[in-house]
Structure formats: structure tokens, C-alpha cells
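Undergrad: Structure below; questions to follow.
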Amino acid sequence: MTIKTRFAPSPTGYLHVGGARTALFSWLYARRHGGQFVLRIEDTDLERSTEDSVNAILEAMDWLDLDYDEGPYYQTQRFDRYNEVIDQLLAAGQAYRCTCSKDRLDVLRAEQMANKQKPRYDGHCRGRDVDPDQPHVVRFLNPQDGDVVIDDLIRGSIVVSNTELDDLIIRRTDGSPTYNLSVVVDDHDMGITQVIRGDDHINNTPRQINMFRAMGWPVPAFGHVPMILGDDGARLSKRHGAVSVMQYKEDGFLPEALLNYLVRLGWSHGDQELFGRAEMVEYFDLAAVNRAPSAFNTEKLVWVNQQYIKTADLARLADLVREFMDADGVATAQGPDLAAVIDAQRERAGTLVELAALCRFYYRDFAEFDAAAAKKALKDGADEALGCARGKLESLPDWERTAIHDAIAQAVGELGVGFGKVAMPLRVAVTGGAPSPDLDLTVHLVGRDATLRRIDRAISYIRNKG
């Protein structure tokens with residue numbers, strides 16, 4: 001049997017990280033078993049579904065590189081098929097028309113709540129002969145005895161009594177099919193063998209299994225992934241930080257880092273923290289997914305992202321960082337090679353946004369010195385050290401690291417002071433106090449003209465600060 005999984009988001013908003021993790025788990029399961037992965041857009045909620053949301057989902061799937069073998073399918077293009085199945089259920093006596101008014105259902109619900117009963121439809125229209133031309137809904141005739149047993153791929157056995165389930169609506173008064181019916185038809189028609197989805201669907205699963213059986217269709221295996229919580233134990237929301245997948249792109253995270261973090265959110269393979277895509281596919285196992293909810297930790301995500309930044313292809317990083325710098329109005333065409341600057345700074349950055357900020361001073365003079373750094377390094381008398389170093393640097397025929405290092409060392413020797421007495425004010429003069437690599441490398445990358453100009457500015461600052 002060919003394994004076939006699916007990711008089926010509703011386009012009522014952006015793709016959030018919980019959905020992305022579910023998509024990843026479904027994708028990994030299919031790839032791990034040499035199967036197929038389907039993308040289906042469940043857009044039957046006509047009031048809330050939007051084209052912008054569809055595009056946001058497709059964009060996020062593309063950014064994460066979760067490629068699908070089929071799709072995207074759209075449920076709104078399959079209404080004829082759903083109605084065909086509903087008519088079959090009606091003809092077989094496994095569904096019926098219901099004319100109960102909203103007022104009657106509201107009263108029924110209020111009475112059940114008052115009696116501390118679980119609110120559910122009472123089957124009032126079962127067996128009634130309803131004129132199909134009058135306004136009505138269609139309800140699925142749920143079995144009234146026995147149990148539904150779900151052999152959950154993550155949670156193990158889940159048993160639900162049919163007495164806990166009511167006759168859910170499968171076609172609305174306006175003729176549109178409902179979610180639970182559409183999902184069952186799609187999963188059958190598309191040959192889905194494993195349904196991996198969030199545990200907020202557990203209540204839907206026994207109802208859907210009963211519909212599979214009513215149609216005489218094979219029932220797929222189900223695996224319900226626990227929800228993601230914020231680090232405070234509450235359900236993950238905007239107040240915990242970014243939730244939309246594409247917001248993480250805007251915040252400077254690499255897609256492979258986000259996937260690596262999400263795969264470890266509730267799943268593990270020994271103590272390993274970092275996984276390449278091939279390793280994820282090789283090791284992923286639903287049986288190793290934790291049954292308890294997972295807490296999202298942004299600090300851990302930043303750490304994972306930092307590990308990927310350290311080893312990412314420099315040319316690719318340069319392209320990504322350039323976008324952030326362009327957005328900030330920093331021109332990188334005139335100045336040092338951006339890849340070389342990134343290589344010098346990337347170990348200090350947790351995100352591409354941070355990396356872009358660390359690279360900024362190489363291309364644009366800073367507005368002012370960092371106050372703490374200036375207080376410590378640009379003291380009275382430091383102008384002499386800077387002036388001496390400036391003279392040595394200005395006279396260099398070649399602006400290379402070794403020559404720059406020797407020029408600084410010559411200034412130290414000529415002044416008869418410790419290396420720090422020259423190096424500290426020179427570093428602050430050139431960087432403004434920003435984090436930077438070895439001084440000779442920093443000065444080399446900043447360039448001759450900018451270095452001399454900034455030393456002059458620092459000298460002026462020292463002499464005029466009083």
C-alpha cells in the first residue's frame with residue numbers, strides 16, 4: 001500500500017506555526033515511507049475564506065520547501081461530488097432531512113444545559129417524511145449504539161461511545177456541504193491513508209469514521225498532534241511573539257532553522273538537536289511524538305537559527321541580508337564584499353535582522369558613538385594614540401590585514417604603551433562601539449577612506465567633548 005498523507009488548512013488567515021508543524025509531520029511521514037503528500041485547501045467556509053489567506057498558505061509552504069505531490073485541491077471546486085455522496089446517504093437511509101428551526105434548537109440546548117446534559121441534537125426529525133422542496137438541512141444518521149475505536153498513531157487507543165455523538169449536519173439549508181462530510185469524501189477520493197492533524201480535531205474523528213463506514217469506504221489511520229503552548233503554559237498566540245510563518249521570515253529566521261525547531265517541538269531522536277532535511281526524513285517516527293503539549297520557546301528558536309547562520313552558504317546569506325539592508329536604506333554596492341563582512345560577523349547574530357544590523361557600520365557612518373564604549377575608550381589623551389595610528393595607516397601602500405596589523409603594532413611601539421591603549425580607541429572610532437571581529441579585519445573591511453574619516457571624527461570628539 002502506498003502511504004499518502006495530506007495537509008488541509010482552512011484559508012481563514014495566515015499559516016501559523018502549529019499548522020506548519022502539522023504540515024511538516026505529514027510531509028515527513030510521507031517522505032519517510034516513500035509515499036505521497038497532498039495539499040488541500042479546505043475553503044468551504046465561504047464567509048471567512050479569502051484569496052489572500054490562500055496565497056499566504058501557498059507562500060509559506062513554498063518558503064518552507066514543503067513540496068507536495070498533488071494539489072493544491074480546493075473544496076469549493078468539489079461541491080457536486082459532495083452533494084452526490086450526500087444524496088447516496090439519503091437514498092440509503094443513512095442521512096435524513098431536518099426542518100428544526102433555530103429557535104427550537106436554542107430552546108433544546110438551553111434545557112440540556114440547565115439539566116447539566118451535553119448539548120446535542122435530539123433526533124427530532126429522524127424518520128419524518130420531509131418535503132425536499134421546503135427549507136431544510138441534511139443530517140447524518142449516526143449509529144445509536146456501540147463504540148468508535150480510534151487506534152491513534154500518537155495517542156494510542158481512544159474509545160468513544162456512539163451515544164456521545166449526535167446527528168451532525170452534513171448539508172446546510174443553502175445547499176452547501178459542511179466540513180466533516182467534505183473531509184471524509186476528500187480523504188477517500190484522494191486515497192489518504194494517514195490523517196495527521198492537530199488534536200483539536202479529535203472530536204471530529206469518530207463522526208468521520210462513522211461516515212467512512214456508512215459509505216463502505218476504508219478508514220484511514222489517524223494521528224492527532226498535541227497543541228503548541230506559549231512558554232507560560234497558555235495556548236500559543238500573538239502575545240507570545242510571532243505566530244505567522246511568514247512573520248518569522250520577516251524577523252530574519254531561515255526556513256530550515258524554523259523547520260528544525262518545529263520538528264523538535266514534541267518529537268526527539270536521542271539528544272540530537274540539529275537535523276538536516278535528509279536526517280529528519282530518515283529518523284522521523286510518529287510513535288516518538290510526545291502526547292503532551294509542547295511549549296514554544298523563542299530563545300531556543302533563536303539559538304537554532306544561529307547555528308544555521310554560522311554554517312549557511314555565504315552567497316545565499318549575502319542575498320538574504322542584502323534585502324534587509326536595502327529595506328533599511330543601506331547601500332552595499334559601494335563598499336566591502338558583503339559576503340566577507342557577513343563571514344566576519346555571523347557568529348554574533350541570532351537572526352538575519354541582527355546580522356544586517358551588525359553589518360551596517362561597514363557601509364554607513366554611524367550617527368553617534370555608543371555612550372558606554374565612548375566613555376571607556378575615547379578618554380582624554382586617546383586622541384594621541386588615534387593620531388599616531390592614523391598616520392601609520394594612512395601611509396600604507398596596500399590596505400591588507402597584515403599591513404594594517406603591523407601599522408597598529410608600530411603605533412603601539414612608538415608610543416610605548418600597551419596594545420589596548422591604541423586598539424580600544426581605534427576600534428570604537430571605526431565601529432562606533434558595535435560588536436566586531438579582529439581589529440585588523442574590521443579596519444580592512446571598513447576601508448581606508450572610511451577608517452581615516454572616522455578616526456578624525458573620534459579625535460574631534462575627544463578634543464571637543466569638554
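Residue numbering restarts at 1 for every chain of the C-alpha cells, chains are lettered A, B, ... in their displayed order, and ligands are numbered from 1 as they appear.
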Give the helix (DSSP H, G or I) residues of range 153-193 of chain A, as DSSP finds them on the backbone, and put them as number ranges by chain.

TA: A: 162-164, 179-189

Undergrad: Env of Asp285 in chain A: 10 Å cut, atoms = only C-alpha atoms, seq-sep filter 2 positions within chain, self excluded. Answer as a list of chain:residue names.

TA: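 In the requested format, the answer is A:Phe25, A:Leu28, A:Tyr29, A:Arg32, A:Leu153, A:Ile154, A:Trp267, A:Ser268, A:His269, A:Met280, A:Val281, A:Glu282, A:Tyr283, A:Ala287, A:Ala288, A:Val289.
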
Undergrad: Counting only C-alpha atoms, which residue out of A:Asn83, A:Lys249, A:Lys392, A:His224 sits closest to Glu323 in chain A?

TA: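 Closest residue, counting only C-alpha atoms: A:Lys249.
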
Undergrad: Skipping near chain neighbours, those fewer than 3 positions away, what residues fall within 8 Å of Thr163 in chain A using only C-alpha atoms, listed as a list of chain:residue names?

TA: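 Counting only C-alpha atoms, the residues come to A:Gln144, A:Asp145, A:Gly146, A:Asp166.
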
Undergrad: List as a PyMOL selection string the protein and nucleic acid residues near Ala312 in chain A, meaning an atom at most 12 Å away when only C-alpha atoms are counted, but skip any in the same chain fewer than 2 places from it.

TA: chain A and resi 254-257+276+305-310+314-320+339+342-343+346-347+352

Undergrad: Would you please extract all strand (DSSP E or B) residues from range 134-371 of chain A, as assigned by DSSP on the backbone, and give them as a PyMOL selection string?

TA: chain A and resi 137-140+147-152+156-161+169-171+177+194-198+221-225+228-229+235+244+267+289+294-295

Undergrad: Which of these, A:Arg463, A:Arg360, A:Arg197, A:Lys116, has the shortest distance to Thr5 in chain A once you count only C-alpha atoms?

TA: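 So, comparing all the options, the nearest one is A:Arg197.
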
Undergrad: Can you pull out the residues contacting range 93-101 of chain A? Cut-off 6 Å, using only C-alpha atoms, and skip same-chain residues under 5 positions away; I want them as number ranges by chain.

TA: A: 125, 136-141

Undergrad: May I have the residues within 7 Å of Leu229 in chain A as an NGL selection string, using only C-alpha atoms and disregarding those fewer than 5 positions away in the same chain?

TA: :A and (234-236 or 293-296)

Undergrad: By how many Å are CA of Ala91 in chain A and CA of Val195 in chain A apart?

TA: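 These two atoms are separated by 28.4 Å.
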
Undergrad: So which residues touch Pro9 in chain A within 12 Å, counting only C-alpha atoms, skipping near sequence neighbours fewer than 2 positions away, as number ranges by chain?

TA: A: 6-7, 11-16, 18-23, 38-45, 49, 53-58, 60-61, 72-75, 179, 183, 197-198

Undergrad: Would you mind exporting the chosen residues as a PDB file, in the first residue's frame, restricted to C-alpha atoms?

TA:
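Writing done, so here's again_1.pdb:
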```pdb
ATOM      1  CA  ARG A   6      -2.275  15.405   3.403  1.00  0.00           C
ATOM      2  CA  PHE A   7      -2.148  18.879   4.853  1.00  0.00           C
ATOM      3  CA  PRO A  11      -7.764  29.734   4.346  1.00  0.00           C
ATOM      4  CA  THR A  12      -9.203  31.974   7.041  1.00  0.00           C
ATOM      5  CA  GLY A  13      -5.891  33.587   7.993  1.00  0.00           C
ATOM      6  CA  TYR A  14      -2.138  33.128   7.773  1.00  0.00           C
ATOM      7  CA  LEU A  15      -0.388  29.776   8.182  1.00  0.00           C
ATOM      8  CA  HIS A  16       0.574  29.646  11.856  1.00  0.00           C
ATOM      9  CA  GLY A  18       1.081  24.979  14.703  1.00  0.00           C
ATOM     10  CA  GLY A  19      -0.205  24.357  11.201  1.00  0.00           C
ATOM     11  CA  ALA A  20       3.327  24.412   9.830  1.00  0.00           C
ATOM     12  CA  ARG A  21       4.380  21.727  12.311  1.00  0.00           C
ATOM     13  CA  THR A  22       1.401  19.572  11.335  1.00  0.00           C
ATOM     14  CA  ALA A  23       2.296  20.040   7.671  1.00  0.00           C
ATOM     15  CA  VAL A  38      -1.165  16.196  -0.776  1.00  0.00           C
ATOM     16  CA  LEU A  39      -2.062  19.840  -0.194  1.00  0.00           C
ATOM     17  CA  ARG A  40      -5.778  20.552   0.097  1.00  0.00           C
ATOM     18  CA  ILE A  41      -7.354  23.940   0.748  1.00  0.00           C
ATOM     19  CA  GLU A  42     -10.493  23.477   2.853  1.00  0.00           C
ATOM     20  CA  ASP A  43     -12.362  26.602   1.811  1.00  0.00           C
ATOM     21  CA  THR A  44     -15.973  25.570   2.402  1.00  0.00           C
ATOM     22  CA  ASP A  45     -16.356  28.376   4.952  1.00  0.00           C
ATOM     23  CA  SER A  49     -12.124  32.066   3.433  1.00  0.00           C
ATOM     24  CA  SER A  53      -5.197  33.633   3.018  1.00  0.00           C
ATOM     25  CA  VAL A  54      -4.830  31.035   0.272  1.00  0.00           C
ATOM     26  CA  ASN A  55      -1.847  32.923  -1.117  1.00  0.00           C
ATOM     27  CA  ALA A  56      -0.340  33.238   2.365  1.00  0.00           C
ATOM     28  CA  ILE A  57      -0.570  29.459   2.851  1.00  0.00           C
ATOM     29  CA  LEU A  58       0.975  28.706  -0.540  1.00  0.00           C
ATOM     30  CA  ALA A  60       4.570  29.741   3.447  1.00  0.00           C
ATOM     31  CA  MET A  61       4.640  26.189   2.088  1.00  0.00           C
ATOM     32  CA  PRO A  72      -3.483  22.294  -4.180  1.00  0.00           C
ATOM     33  CA  TYR A  73      -7.031  20.970  -4.310  1.00  0.00           C
ATOM     34  CA  TYR A  74      -9.881  23.322  -3.396  1.00  0.00           C
ATOM     35  CA  GLN A  75     -13.040  22.039  -1.739  1.00  0.00           C
ATOM     36  CA  TYR A 179     -16.684  20.392   6.862  1.00  0.00           C
ATOM     37  CA  VAL A 183     -13.236  15.932   4.602  1.00  0.00           C
ATOM     38  CA  ARG A 197      -3.629  16.682  12.202  1.00  0.00           C
ATOM     39  CA  GLY A 198      -3.978  18.751  15.357  1.00  0.00           C
TER      40      GLY A 198
END
```
